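J.: Just one file: protein.tsv, with TSV, C-alpha atoms.
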chain	number	residue	atom	x	y	z
A	1	MET	CA	-56.25	29.37	66.31
A	2	SER	CA	-56.22	30.77	62.75
A	3	ILE	CA	-53.21	31.39	60.65
A	4	HIS	CA	-54.00	35.07	60.62
A	5	SER	CA	-54.00	35.31	64.42
A	6	GLN	CA	-50.80	33.22	64.80
A	7	TYR	CA	-48.56	34.96	62.29
A	8	GLY	CA	-50.17	38.31	61.90
A	9	PRO	CA	-51.53	39.89	58.72
A	10	SER	CA	-48.27	39.77	56.73
A	11	SER	CA	-47.56	36.19	57.68
A	12	GLY	CA	-51.04	35.20	56.54
A	13	ILE	CA	-50.44	36.72	53.12
A	14	SER	CA	-47.09	34.89	52.78
A	15	ALA	CA	-48.66	31.59	53.71
A	16	ARG	CA	-51.46	32.09	51.26
A	17	GLY	CA	-48.88	32.97	48.58
A	18	ALA	CA	-46.88	29.85	49.32
A	19	ILE	CA	-49.99	27.72	49.15
A	20	PHE	CA	-51.01	29.37	45.90
A	21	LEU	CA	-47.54	28.93	44.41
A	22	SER	CA	-47.46	25.31	45.52
A	23	ALA	CA	-50.87	24.70	44.00
A	24	PHE	CA	-49.81	26.47	40.79
A	25	MET	CA	-46.57	24.49	40.46
A	26	ASN	CA	-48.40	21.27	41.26
A	27	ASP	CA	-50.99	22.09	38.64
A	28	LEU	CA	-48.27	23.03	36.11
A	29	LEU	CA	-46.03	20.02	36.74
A	30	PHE	CA	-48.82	17.53	36.36
A	31	LYS	CA	-50.46	19.20	33.43
A	32	THR	CA	-50.56	16.70	30.55
A	33	TYR	CA	-49.28	17.33	27.03
A	34	TYR	CA	-49.28	14.51	24.47
A	35	HIS	CA	-49.97	11.82	27.09
A	36	ASN	CA	-47.15	13.02	29.39
A	37	SER	CA	-47.05	15.52	32.21
A	38	VAL	CA	-44.58	18.39	32.45
A	39	PHE	CA	-42.93	16.52	35.31
A	40	ASP	CA	-42.36	13.50	33.02
A	41	TYR	CA	-40.74	15.74	30.41
A	42	LEU	CA	-38.49	17.28	33.04
A	43	VAL	CA	-37.45	13.84	34.28
A	44	ALA	CA	-36.70	12.75	30.71
A	45	ILE	CA	-34.62	15.86	30.08
A	46	GLY	CA	-32.84	15.34	33.41
A	47	ILE	CA	-31.94	11.77	32.48
A	48	ILE	CA	-30.53	12.91	29.14
A	49	VAL	CA	-28.59	15.90	30.49
A	50	ILE	CA	-27.08	14.08	33.48
A	51	GLY	CA	-26.23	11.06	31.34
A	52	LEU	CA	-24.52	13.18	28.65
A	53	LEU	CA	-22.53	15.07	31.27
A	54	LEU	CA	-21.35	11.84	32.89
A	55	ILE	CA	-20.28	10.36	29.52
A	56	ARG	CA	-18.55	13.58	28.53
A	57	SER	CA	-16.68	13.64	31.83
A	58	PHE	CA	-15.63	10.03	31.34
A	59	LYS	CA	-14.36	10.82	27.83
A	60	HIS	CA	-12.38	13.93	28.71
A	61	ILE	CA	-10.95	12.74	32.01
A	62	PHE	CA	-10.50	8.97	32.06
A	63	LEU	CA	-10.34	8.12	28.34
A	64	LYS	CA	-7.90	10.93	27.59
A	65	LYS	CA	-5.47	9.60	30.22
A	66	VAL	CA	-5.77	6.08	28.84
A	67	LYS	CA	-5.03	7.39	25.32
A	68	ASN	CA	-1.85	9.09	26.51
A	69	TRP	CA	-0.78	5.88	28.23
A	70	VAL	CA	-1.33	3.51	25.27
A	71	GLU	CA	0.58	5.82	22.92
A	72	GLY	CA	3.75	4.77	24.70
A	73	THR	CA	3.18	1.03	24.25
A	74	LYS	CA	4.61	-1.01	21.37
A	75	THR	CA	1.49	-3.01	20.53
A	76	HIS	CA	-1.28	-1.71	18.26
A	77	PHE	CA	-4.12	-3.68	19.84
A	78	ASP	CA	-4.51	-1.33	22.81
A	79	ASP	CA	-4.56	1.64	20.42
A	80	PHE	CA	-7.37	-0.04	18.49
A	81	LEU	CA	-9.23	-0.82	21.72
A	82	VAL	CA	-9.10	2.77	22.95
A	83	GLU	CA	-9.99	4.09	19.51
A	84	GLY	CA	-12.91	1.66	19.39
A	85	ILE	CA	-14.18	2.93	22.74
A	86	ASP	CA	-13.91	6.50	21.50
A	87	ARG	CA	-15.48	5.89	18.08
A	88	PHE	CA	-18.12	3.28	18.91
A	89	LEU	CA	-18.77	2.87	22.64
A	90	ILE	CA	-19.03	6.58	23.42
A	91	PRO	CA	-21.52	7.32	20.57
A	92	ALA	CA	-23.47	4.20	21.57
A	93	LEU	CA	-23.65	5.44	25.18
A	94	TYR	CA	-24.77	8.87	24.00
A	95	PHE	CA	-27.59	7.31	22.02
A	96	ALA	CA	-28.45	4.94	24.88
A	97	VAL	CA	-28.87	7.89	27.26
A	98	VAL	CA	-31.10	9.73	24.79
A	99	TYR	CA	-33.05	6.52	24.21
A	100	MET	CA	-33.55	6.01	27.97
A	101	GLY	CA	-34.75	9.56	28.42
A	102	ILE	CA	-37.24	9.31	25.54
A	103	SER	CA	-38.38	5.83	26.61
A	104	TYR	CA	-39.30	7.20	30.00
A	105	LEU	CA	-42.14	9.06	28.31
A	106	ASN	CA	-45.43	7.53	27.29
A	107	LEU	CA	-45.06	7.57	23.50
A	108	SER	CA	-47.71	7.14	20.87
A	109	GLY	CA	-47.55	4.29	18.40
A	110	LYS	CA	-46.19	6.53	15.64
A	111	ALA	CA	-43.51	8.04	17.89
A	112	GLN	CA	-42.56	4.59	19.15
A	113	ASN	CA	-42.18	3.42	15.55
A	114	VAL	CA	-39.94	6.39	14.72
A	115	LEU	CA	-37.79	5.70	17.78
A	116	SER	CA	-37.51	2.04	16.81
A	117	ILE	CA	-36.42	2.92	13.26
A	118	ALA	CA	-33.89	5.45	14.57
A	119	THR	CA	-32.50	2.84	16.97
A	120	THR	CA	-32.13	0.30	14.17
A	121	MET	CA	-30.36	2.86	11.97
A	122	VAL	CA	-27.91	3.87	14.69
A	123	ILE	CA	-27.14	0.26	15.64
A	124	THR	CA	-26.60	-0.66	11.97
A	125	PHE	CA	-24.34	2.35	11.43
A	126	LEU	CA	-22.19	1.63	14.47
A	127	PHE	CA	-22.06	-2.09	13.77
A	128	VAL	CA	-20.94	-1.57	10.16
A	129	ARG	CA	-18.24	0.86	11.24
A	130	LEU	CA	-17.07	-1.58	13.92
A	131	ILE	CA	-16.75	-4.43	11.40
A	132	SER	CA	-14.93	-2.15	8.94
A	133	SER	CA	-12.47	-0.96	11.59
A	134	THR	CA	-11.85	-4.53	12.80
A	135	ILE	CA	-11.07	-5.74	9.28
A	136	LEU	CA	-8.77	-2.76	8.74
A	137	LEU	CA	-6.94	-3.54	12.01
A	138	LEU	CA	-6.46	-7.20	11.05
A	139	LEU	CA	-5.17	-6.25	7.59
A	140	LYS	CA	-2.77	-3.66	9.01
A	141	THR	CA	-1.50	-6.15	11.59
A	142	TYR	CA	-0.92	-8.74	8.86
A	143	VAL	CA	0.77	-6.29	6.47
A	144	ARG	CA	3.01	-4.68	9.09
A	145	LYS	CA	4.63	-8.05	9.80
A	146	GLN	CA	5.95	-8.14	6.23
A	147	GLU	CA	9.03	-6.43	4.88
A	148	ARG	CA	8.51	-2.68	4.43
A	149	GLY	CA	5.17	-3.11	6.16
A	150	GLU	CA	4.51	0.59	6.76
A	151	GLU	CA	4.82	1.27	3.03
A	152	LYS	CA	2.41	-1.56	2.23
A	153	VAL	CA	-0.17	-0.20	4.67
A	154	LYS	CA	-0.62	2.69	2.23
A	155	GLN	CA	-1.84	0.19	-0.38
A	156	LEU	CA	-4.80	-0.81	1.80
A	157	GLY	CA	-6.84	2.23	0.75
A	158	GLY	CA	-8.16	0.66	-2.45
A	159	LEU	CA	-8.82	-2.69	-0.81
A	160	MET	CA	-10.70	-1.12	2.09
A	161	LEU	CA	-12.80	0.89	-0.36
A	162	ILE	CA	-14.11	-2.34	-1.88
A	163	ILE	CA	-14.55	-4.04	1.51
A	164	ASN	CA	-16.41	-1.03	2.93
A	165	ALA	CA	-18.72	-0.94	-0.09
A	166	VAL	CA	-19.62	-4.61	0.41
A	167	ILE	CA	-20.13	-4.17	4.18
A	168	TRP	CA	-22.34	-1.11	3.70
A	169	VAL	CA	-24.48	-2.87	1.09
A	170	ILE	CA	-25.01	-5.78	3.50
A	171	GLY	CA	-25.72	-3.35	6.34
A	172	LEU	CA	-28.30	-1.42	4.30
A	173	LEU	CA	-30.01	-4.67	3.28
A	174	PHE	CA	-30.19	-5.64	6.95
A	175	LEU	CA	-31.63	-2.20	7.78
A	176	PHE	CA	-34.27	-2.37	5.05
A	177	ASP	CA	-35.23	-5.88	6.12
A	178	ASN	CA	-35.78	-4.71	9.70
A	179	MET	CA	-37.81	-1.76	8.43
A	180	GLY	CA	-40.19	-4.15	6.68
A	181	TYR	CA	-39.09	-3.72	3.07
A	182	ASN	CA	-38.89	-6.64	0.65
A	183	VAL	CA	-35.16	-7.31	0.49
A	184	THR	CA	-35.53	-9.94	-2.23
A	185	THR	CA	-36.77	-7.31	-4.67
A	186	ILE	CA	-33.88	-5.03	-3.77
A	187	ILE	CA	-31.33	-7.82	-4.26
A	188	THR	CA	-32.87	-8.71	-7.62
A	189	GLY	CA	-32.66	-5.07	-8.69
A	190	LEU	CA	-29.05	-4.85	-7.55
A	191	GLY	CA	-28.23	-8.04	-9.45
A	192	ILE	CA	-29.69	-6.74	-12.71
A	193	GLY	CA	-28.08	-3.34	-12.21
A	194	GLY	CA	-24.77	-5.01	-11.35
A	195	ILE	CA	-24.79	-7.00	-14.59
A	196	ALA	CA	-25.48	-3.83	-16.60
A	197	ILE	CA	-22.68	-1.95	-14.81
A	198	ALA	CA	-20.27	-4.87	-15.26
A	199	LEU	CA	-20.91	-4.96	-19.03
A	200	ALA	CA	-20.51	-1.20	-19.34
A	201	ALA	CA	-17.37	-0.96	-17.22
A	202	GLN	CA	-15.66	-4.31	-17.80
A	203	ASN	CA	-12.27	-2.70	-18.45
A	204	ILE	CA	-12.44	-0.78	-15.17
A	205	LEU	CA	-13.59	-3.87	-13.29
A	206	GLY	CA	-10.77	-5.83	-14.90
A	207	ASP	CA	-8.26	-3.35	-13.51
A	208	VAL	CA	-9.94	-3.56	-10.09
A	209	PHE	CA	-9.73	-7.36	-10.01
A	210	ASN	CA	-6.11	-7.20	-11.14
A	211	TYR	CA	-5.49	-4.84	-8.21
A	212	PHE	CA	-6.50	-7.72	-5.93
A	213	VAL	CA	-4.16	-10.02	-7.89
A	214	ILE	CA	-1.27	-7.60	-7.33
A	215	PHE	CA	-2.16	-7.11	-3.66
A	216	PHE	CA	-2.43	-10.79	-2.74
A	217	ASP	CA	0.03	-12.38	-5.21
A	218	ARG	CA	2.55	-9.55	-4.74
A	219	PRO	CA	4.58	-9.74	-7.97
A	220	PHE	CA	5.87	-6.32	-6.95
A	221	GLU	CA	5.34	-3.80	-4.14
A	222	THR	CA	5.85	-0.11	-3.57
A	223	GLY	CA	9.55	0.70	-3.58
A	224	ASP	CA	10.48	-2.16	-5.97
A	225	PHE	CA	12.48	-1.41	-9.11
A	226	ILE	CA	10.79	-3.12	-12.06
A	227	VAL	CA	11.23	-3.30	-15.82
A	228	ILE	CA	8.25	-3.73	-18.15
A	229	GLY	CA	9.22	-3.99	-21.79
A	230	ASP	CA	11.28	-0.89	-22.56
A	231	LYS	CA	10.00	0.95	-19.46
A	232	SER	CA	11.61	0.85	-16.03
A	233	GLY	CA	11.35	2.61	-12.70
A	234	THR	CA	10.45	2.41	-9.02
A	235	VAL	CA	6.87	1.55	-8.02
A	236	ASP	CA	5.50	4.64	-6.28
A	237	TYR	CA	1.81	3.82	-5.73
A	238	ILE	CA	-0.56	0.91	-6.45
A	239	GLY	CA	-4.14	2.09	-6.98
A	240	LEU	CA	-7.45	0.42	-7.77
A	241	LYS	CA	-7.14	1.00	-11.50
A	242	THR	CA	-3.58	2.10	-12.20
A	243	THR	CA	-0.08	1.75	-10.81
A	244	ARG	CA	2.26	4.73	-10.77
A	245	ILE	CA	5.95	4.20	-11.51
A	246	LYS	CA	8.69	6.79	-11.11
A	247	SER	CA	11.07	6.32	-14.02
A	248	LEU	CA	14.84	6.80	-13.91
A	249	SER	CA	14.53	9.97	-15.99
A	250	GLY	CA	12.19	11.48	-13.38
A	251	GLU	CA	8.75	11.42	-14.98
A	252	GLN	CA	5.86	9.36	-13.66
A	253	LEU	CA	4.56	6.39	-15.65
A	254	VAL	CA	0.90	5.50	-15.15
A	255	VAL	CA	0.16	1.90	-16.16
A	256	ALA	CA	-3.19	0.08	-15.99
A	257	ASN	CA	-3.19	-2.87	-13.60
A	258	SER	CA	-4.42	-5.18	-16.38
A	259	ASP	CA	-1.41	-4.27	-18.51
A	260	LEU	CA	0.93	-5.04	-15.62
A	261	THR	CA	-0.49	-8.47	-14.80
A	262	GLY	CA	-0.48	-9.35	-18.50
A	263	SER	CA	3.17	-8.38	-19.01
A	264	ARG	CA	6.52	-9.94	-18.22
A	265	ILE	CA	7.84	-7.99	-15.26
A	266	HIS	CA	11.48	-7.95	-14.20
A	267	ASN	CA	11.52	-7.26	-10.47
A	268	PHE	CA	15.00	-6.36	-9.28
A	269	LYS	CA	14.05	-6.45	-5.61
A	270	GLN	CA	14.66	-10.21	-5.57
A	271	LEU	CA	18.06	-9.75	-7.23
A	272	MET	CA	20.31	-10.95	-4.40
A	273	ARG	CA	23.33	-11.38	-6.69
A	274	ARG	CA	24.01	-10.15	-10.22
A	275	ARG	CA	25.58	-12.42	-12.88
A	276	VAL	CA	28.03	-10.53	-15.07
A	277	THR	CA	29.36	-11.82	-18.37
A	278	PHE	CA	31.77	-9.85	-20.55
A	279	LYS	CA	34.13	-10.55	-23.46
A	280	LEU	CA	37.38	-9.04	-24.63
A	281	GLY	CA	39.67	-9.70	-27.58
A	282	ILE	CA	43.43	-9.58	-28.17
A	283	ILE	CA	45.35	-9.46	-31.43
A	284	TYR	CA	46.44	-12.61	-33.23
A	285	GLN	CA	50.09	-11.58	-32.94
A	286	THR	CA	50.02	-12.28	-29.18
A	287	SER	CA	52.54	-14.91	-28.03
A	288	LEU	CA	51.38	-18.33	-26.88
A	289	GLU	CA	52.77	-17.70	-23.41
A	290	ASN	CA	50.57	-14.61	-22.95
A	291	ILE	CA	47.55	-16.38	-24.45
A	292	LYS	CA	47.81	-19.02	-21.72
A	293	LEU	CA	48.56	-16.38	-19.04
A	294	ILE	CA	45.47	-14.24	-19.69
A	295	PRO	CA	42.85	-16.54	-17.99
A	296	ARG	CA	44.90	-16.52	-14.78
A	297	LEU	CA	45.31	-12.74	-14.95
A	298	LEU	CA	41.57	-12.27	-15.40
A	299	GLU	CA	40.75	-14.62	-12.52
A	300	GLY	CA	43.12	-12.77	-10.17
A	301	ILE	CA	41.74	-9.37	-11.16
A	302	VAL	CA	38.13	-10.44	-10.51
A	303	LYS	CA	38.95	-12.04	-7.15
A	304	GLU	CA	40.53	-8.79	-5.99
A	305	GLN	CA	37.08	-7.15	-5.93
A	306	HIS	CA	34.54	-7.27	-3.08
A	307	PRO	CA	31.83	-8.53	-2.78
A	308	VAL	CA	32.41	-10.75	-5.80
A	309	GLN	CA	32.24	-14.49	-6.54
A	310	PHE	CA	34.43	-15.58	-9.47
A	311	ASP	CA	32.95	-18.18	-11.83
A	312	ARG	CA	35.23	-18.68	-14.85
A	313	ALA	CA	37.57	-17.10	-17.42
A	314	HIS	CA	38.29	-18.91	-20.72
A	315	PHE	CA	39.85	-18.46	-24.13
A	316	ALA	CA	36.46	-18.81	-25.83
A	317	ALA	CA	36.85	-18.45	-29.60
A	318	TYR	CA	38.83	-17.38	-32.65
A	319	GLY	CA	37.16	-14.21	-33.84
A	320	ASP	CA	37.36	-12.54	-37.23
A	321	SER	CA	40.02	-10.14	-36.06
A	322	SER	CA	40.76	-11.18	-32.46
A	323	LEU	CA	41.32	-13.99	-30.00
A	324	ASP	CA	38.23	-13.84	-27.78
A	325	TYR	CA	38.07	-14.41	-24.01
A	326	GLU	CA	34.91	-14.74	-21.90
A	327	VAL	CA	34.71	-13.93	-18.18
A	328	VAL	CA	31.82	-14.70	-15.80
A	329	TYR	CA	31.48	-13.54	-12.19
A	330	TYR	CA	28.78	-12.66	-9.64
A	331	VAL	CA	28.35	-9.38	-7.77
A	332	LEU	CA	26.94	-10.29	-4.34
A	333	ASP	CA	24.94	-7.09	-4.03
A	334	LYS	CA	21.66	-6.01	-5.65
A	335	GLU	CA	22.60	-2.33	-6.00
A	336	TYR	CA	23.30	-1.31	-9.59
A	337	ASN	CA	25.85	1.34	-8.60
A	338	THR	CA	27.85	-1.26	-6.65
A	339	TYR	CA	27.93	-3.50	-9.73
A	340	MET	CA	29.10	-0.65	-11.96
A	341	ASP	CA	31.84	0.39	-9.52
A	342	ILE	CA	33.17	-3.18	-9.37
A	343	HIS	CA	33.06	-3.65	-13.13
A	344	GLN	CA	34.82	-0.33	-13.66
A	345	ASN	CA	37.63	-1.40	-11.29
A	346	ILE	CA	37.97	-4.68	-13.18
A	347	ASN	CA	38.30	-2.79	-16.48
A	348	PHE	CA	40.97	-0.52	-14.98
A	349	ARG	CA	42.94	-3.51	-13.68
A	350	ILE	CA	42.69	-5.40	-16.99
A	351	PHE	CA	44.05	-2.42	-18.89
A	352	GLU	CA	46.87	-2.05	-16.33
A	353	GLU	CA	47.91	-5.74	-16.41
A	354	PHE	CA	47.71	-6.03	-20.21
A	355	GLU	CA	49.90	-2.94	-20.57
A	356	LYS	CA	52.40	-4.40	-18.09
A	357	HIS	CA	52.66	-7.69	-20.04
A	358	GLY	CA	52.66	-6.10	-23.46
A	359	ILE	CA	49.30	-7.57	-24.48
A	360	GLU	CA	47.39	-5.55	-27.05
A	361	PHE	CA	43.63	-5.30	-27.37
A	362	ALA	CA	42.19	-6.18	-30.73
A	363	TYR	CA	39.96	-3.95	-32.79
A	364	PRO	CA	38.24	-4.70	-36.11
A	365	THR	CA	40.92	-4.98	-38.84
A	366	ARG	CA	41.13	-6.40	-42.37
A	367	THR	CA	44.29	-7.39	-44.23
A	368	LEU	CA	44.33	-6.99	-48.06
A	369	LEU	CA	46.83	-9.04	-50.13
A	370	MET	CA	47.82	-7.06	-53.25
A	371	VAL	CA	48.73	-9.19	-56.35
A	372	HIS	CA	49.31	-6.25	-58.70
A	373	ASP	CA	52.34	-7.75	-60.63
A	374	ALA	CA	50.61	-11.02	-61.43
A	375	VAL	CA	47.54	-9.24	-62.80
A	376	GLU	CA	49.66	-7.03	-65.10
A	377	GLY	CA	51.45	-10.10	-66.52
A	378	LYS	CA	48.15	-11.77	-67.39
A	379	GLU	CA	46.85	-8.60	-69.05
A	380	ALA	CA	50.05	-8.32	-71.21
A	381	ALA	CA	49.83	-11.96	-72.36
A	382	SER	CA	46.18	-11.51	-73.30
A	383	LEU	CA	47.01	-8.38	-75.34
A	384	SER	CA	49.84	-10.08	-77.30
A	385	SER	CA	47.61	-13.02	-78.26
A	386	GLN	CA	44.99	-10.64	-79.63
A	387	GLN	CA	47.60	-8.88	-81.83
A	388	ARG	CA	48.53	-12.13	-83.42
Could I get this file's structure written as structure tokens?
T.:
Amino acid sequence: MSIHSQYGPSSGISARGAIFLSAFMNDLLFKTYYHNSVFDYLVAIGIIVIGLLLIRSFKHIFLKKVKNWVEGTKTHFDDFLVEGIDRFLIPALYFAVVYMGISYLNLSGKAQNVLSIATTMVITFLFVRLISSTILLLLKTYVRKQERGEEKVKQLGGLMLIINAVIWVIGLLFLFDNMGYNVTTIITGLGIGGIAIALAAQNILGDVFNYFVIFFDRPFETGDFIVIGDKSGTVDYIGLKTTRIKSLSGEQLVVANSDLTGSRIHNFKQLMRRRVTFKLGIIYQTSLENIKLIPRLLEGIVKEQHPVQFDRAHFAAYGDSSLDYEVVYYVLDKEYNTYMDIHQNINFRIFEEFEKHGIEFAYPTRTLLMVHDAVEGKEAASLSSQQR
């Protein structure tokens, strides 16, 4: 029985249309363009689209929840791990999906070479970034364990700039080597160019190397109060070439790193106690009893203060116009204002006790002995001898 007789005239037309459409689609799907059929291209696109959607879903659903969870932990390693997945694993998966989709096709030699070069470039890029991020994590972990670690983390910018430059140069050399270029020639060129740059910018390079000296030797850090010659202030920022210091008067001092490492630096951060020495003088007319009493008075006045460690108080010398005493004590605090408050209280108490005991402070004086009568007698005798 024919199709026409079974389904009627309209059914025969529909069947013929379905057969025609099927033949057309079959012919279209398996039509070849550049060594691949349309069906192969559709499969490749399907692999890429489905793969990208799956990775995107993983990132926005699972990874986002993990990020919110690790933010509440105290350790930094899990933060780095999640960040590494987001910055390196996810891009690598994206590229892997695209690579799988393209690899499904039958590629020409030229296209295969381009894909191979692109793969090498992506792997090099991700690998260099991974190494850089790992080094940065290790440095941050090391620095945070130190005192004022969060402030010191800010100093890592200059160091990471140098490290990243070295890593990228090595990564590019690896890339060029895999692409078939003569790396030896490139290294030779870089060596000659490096020597020329070093000679032209030796002062800048000197400051850069001294930045490493400051970073690793740590003669001072951000937040330290330092004195260099007649300049003083708080270290605000340590850069590759210069260090910025906020002076007591408010302005910013910018000093080259080479000048700092070549200078004598007074760092008051390590000042755990401050030695104070001062002198005072009393008049020569003071009684012997009070002269002997003064060292005990001074010792008692100093010991009244807190936090203070008394060292000594002595009648030190006979001055030109005073009897001189010397007092030494330690302020057990590094703050300058604390020292000044204590020393001011000591001065108040000394004035009070000396006034109570009738002891007078000395000031520069000079006594002149007039011998007017004797001089006139000599002048008269000389005049009478001349008249004779």
J.: Taking only C-alpha atoms into account, name the residue in A:Phe125, A:Phe351, A:Phe278, A:Tyr237 that is nearest to A:Leu172.
T.: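 Using only C-alpha atoms, the shortest distance to A:Leu172 belongs to A:Phe125.
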J.: What's around A:Lys292 at 12 Å? Count only C-alpha atoms, leave out sequence neighbours fewer than 6 positions away in its own chain, and write the answer as a PyMOL selection string.
T.: chain A and resi 286+298+313-315+323+325+359
J.: I'd like the interatomic distance between atom CA of A:Leu297 and atom CA of A:Glu353, to a tenth of an Å.
T.: 7.6 Å
J.: Quick one: residues within 7 Å of stretch 243-252 of chain A, all atoms listed in the file counted, chain neighbours fewer than 5 positions away excluded, as a short mmCIF file (atom, residue, chain, number, x, y, z; two decimals) with C-alpha atoms, keeping the file's coordinate frame?
T.:
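So around_4.cif came out as:
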data_model
loop_
_atom_site.label_atom_id
_atom_site.label_comp_id
_atom_site.auth_asym_id
_atom_site.auth_seq_id
_atom_site.Cartn_x
_atom_site.Cartn_y
_atom_site.Cartn_z
CA SER A 232 11.61 0.85 -16.03
CA GLY A 233 11.35 2.61 -12.70
CA THR A 234 10.45 2.41 -9.02
CA VAL A 235 6.87 1.55 -8.02
CA ASP A 236 5.50 4.64 -6.28
CA TYR A 237 1.81 3.82 -5.73
CA ILE A 238 -0.56 0.91 -6.45
CA ASN A 257 -3.19 -2.87 -13.60
#
J.: Quick one: pull the distance between atom CA of A:Gly281 and atom CA of A:Ile294, Å, one decimal.
T.: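 Atom-to-atom, atom CA of A:Gly281 to atom CA of A:Ile294, that is 10.8 Å.
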J.: Grab the atom CA of A:Leu271 to atom CA of A:Val331 distance for me, in Å with one decimal place.
T.: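 So the answer is 10.3 Å.
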J.: With all atoms listed in the file counted, which protein, DNA or RNA residues have an atom no more than 10 Å from (38.5, -14.3, -28.1) in the file frame? Please answer as a PyMOL selection string.
T.: chain A and resi 279-284+291+314-326+362
J.: Restricting the calculation to only C-alpha atoms: of A:Glu299, A:Glu71, A:Glu304, A:Glu221, which residue gets closest to A:Gln270?
T.: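 Closest to A:Gln270, using only C-alpha atoms: A:Glu221.
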J.: Compile the contact shell of A:Asp207 as number ranges by chain: residues with an atom at most 8 Å away, counting all atoms listed in the file, same-chain residues fewer than 4 positions apart removed.
T.: A: 203, 211, 240-242, 256-258
J.: Determine the nearest neighbour of A:Asn164 from the options A:Leu89, A:Ile131, A:Val66, A:Ala111, counting only C-alpha atoms.
T.: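 For A:Asn164, the nearest of the given residues is A:Ile131.
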J.: Using all atoms listed in the file - which residues lie no farther than 6 Å from the point (10.0, -6.8, -19.1) in the file's frame? Write them as a ChimeraX atom specification.
T.: /A:227-229,264-266
J.: Quick one: residues within 10 Å of stretch 213-217 of chain A, all atoms listed in the file counted, chain neighbours fewer than 3 positions away excluded, as a list in words?
T.: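 The neighbour list is Lys152, Gln155, Leu156, Gly158, Leu159, Asp207, Val208, Phe209, Asn210, Phe220, Glu221, Ile238, Gly239, Asn257, Ser258, Leu260 and Thr261 of chain A.
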J.: Would you kindly return, as a list in words, each protein, DNA or RNA residue with an atom no farther than 12 Å from any atom of A:His306, considering all atoms listed in the file and excluding same-chain residues fewer than 2 positions away?
T.: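 In the requested form, the answer reads Ile301, Val302, Lys303, Glu304, Val308, Gln309, Phe310, Tyr329, Tyr330, Val331, Leu332, Asp333, Thr338, Tyr339, Asp341, Ile342, His343, Asn345 and Ile346 of chain A.
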J.: Looking at A:Arg56, A:Arg312, A:Lys67, A:Arg87, which one is nearest to A:Leu130, with distances taken over only C-alpha atoms?
T.: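 With only C-alpha atoms as the atom set, the closest residue is A:Arg87.
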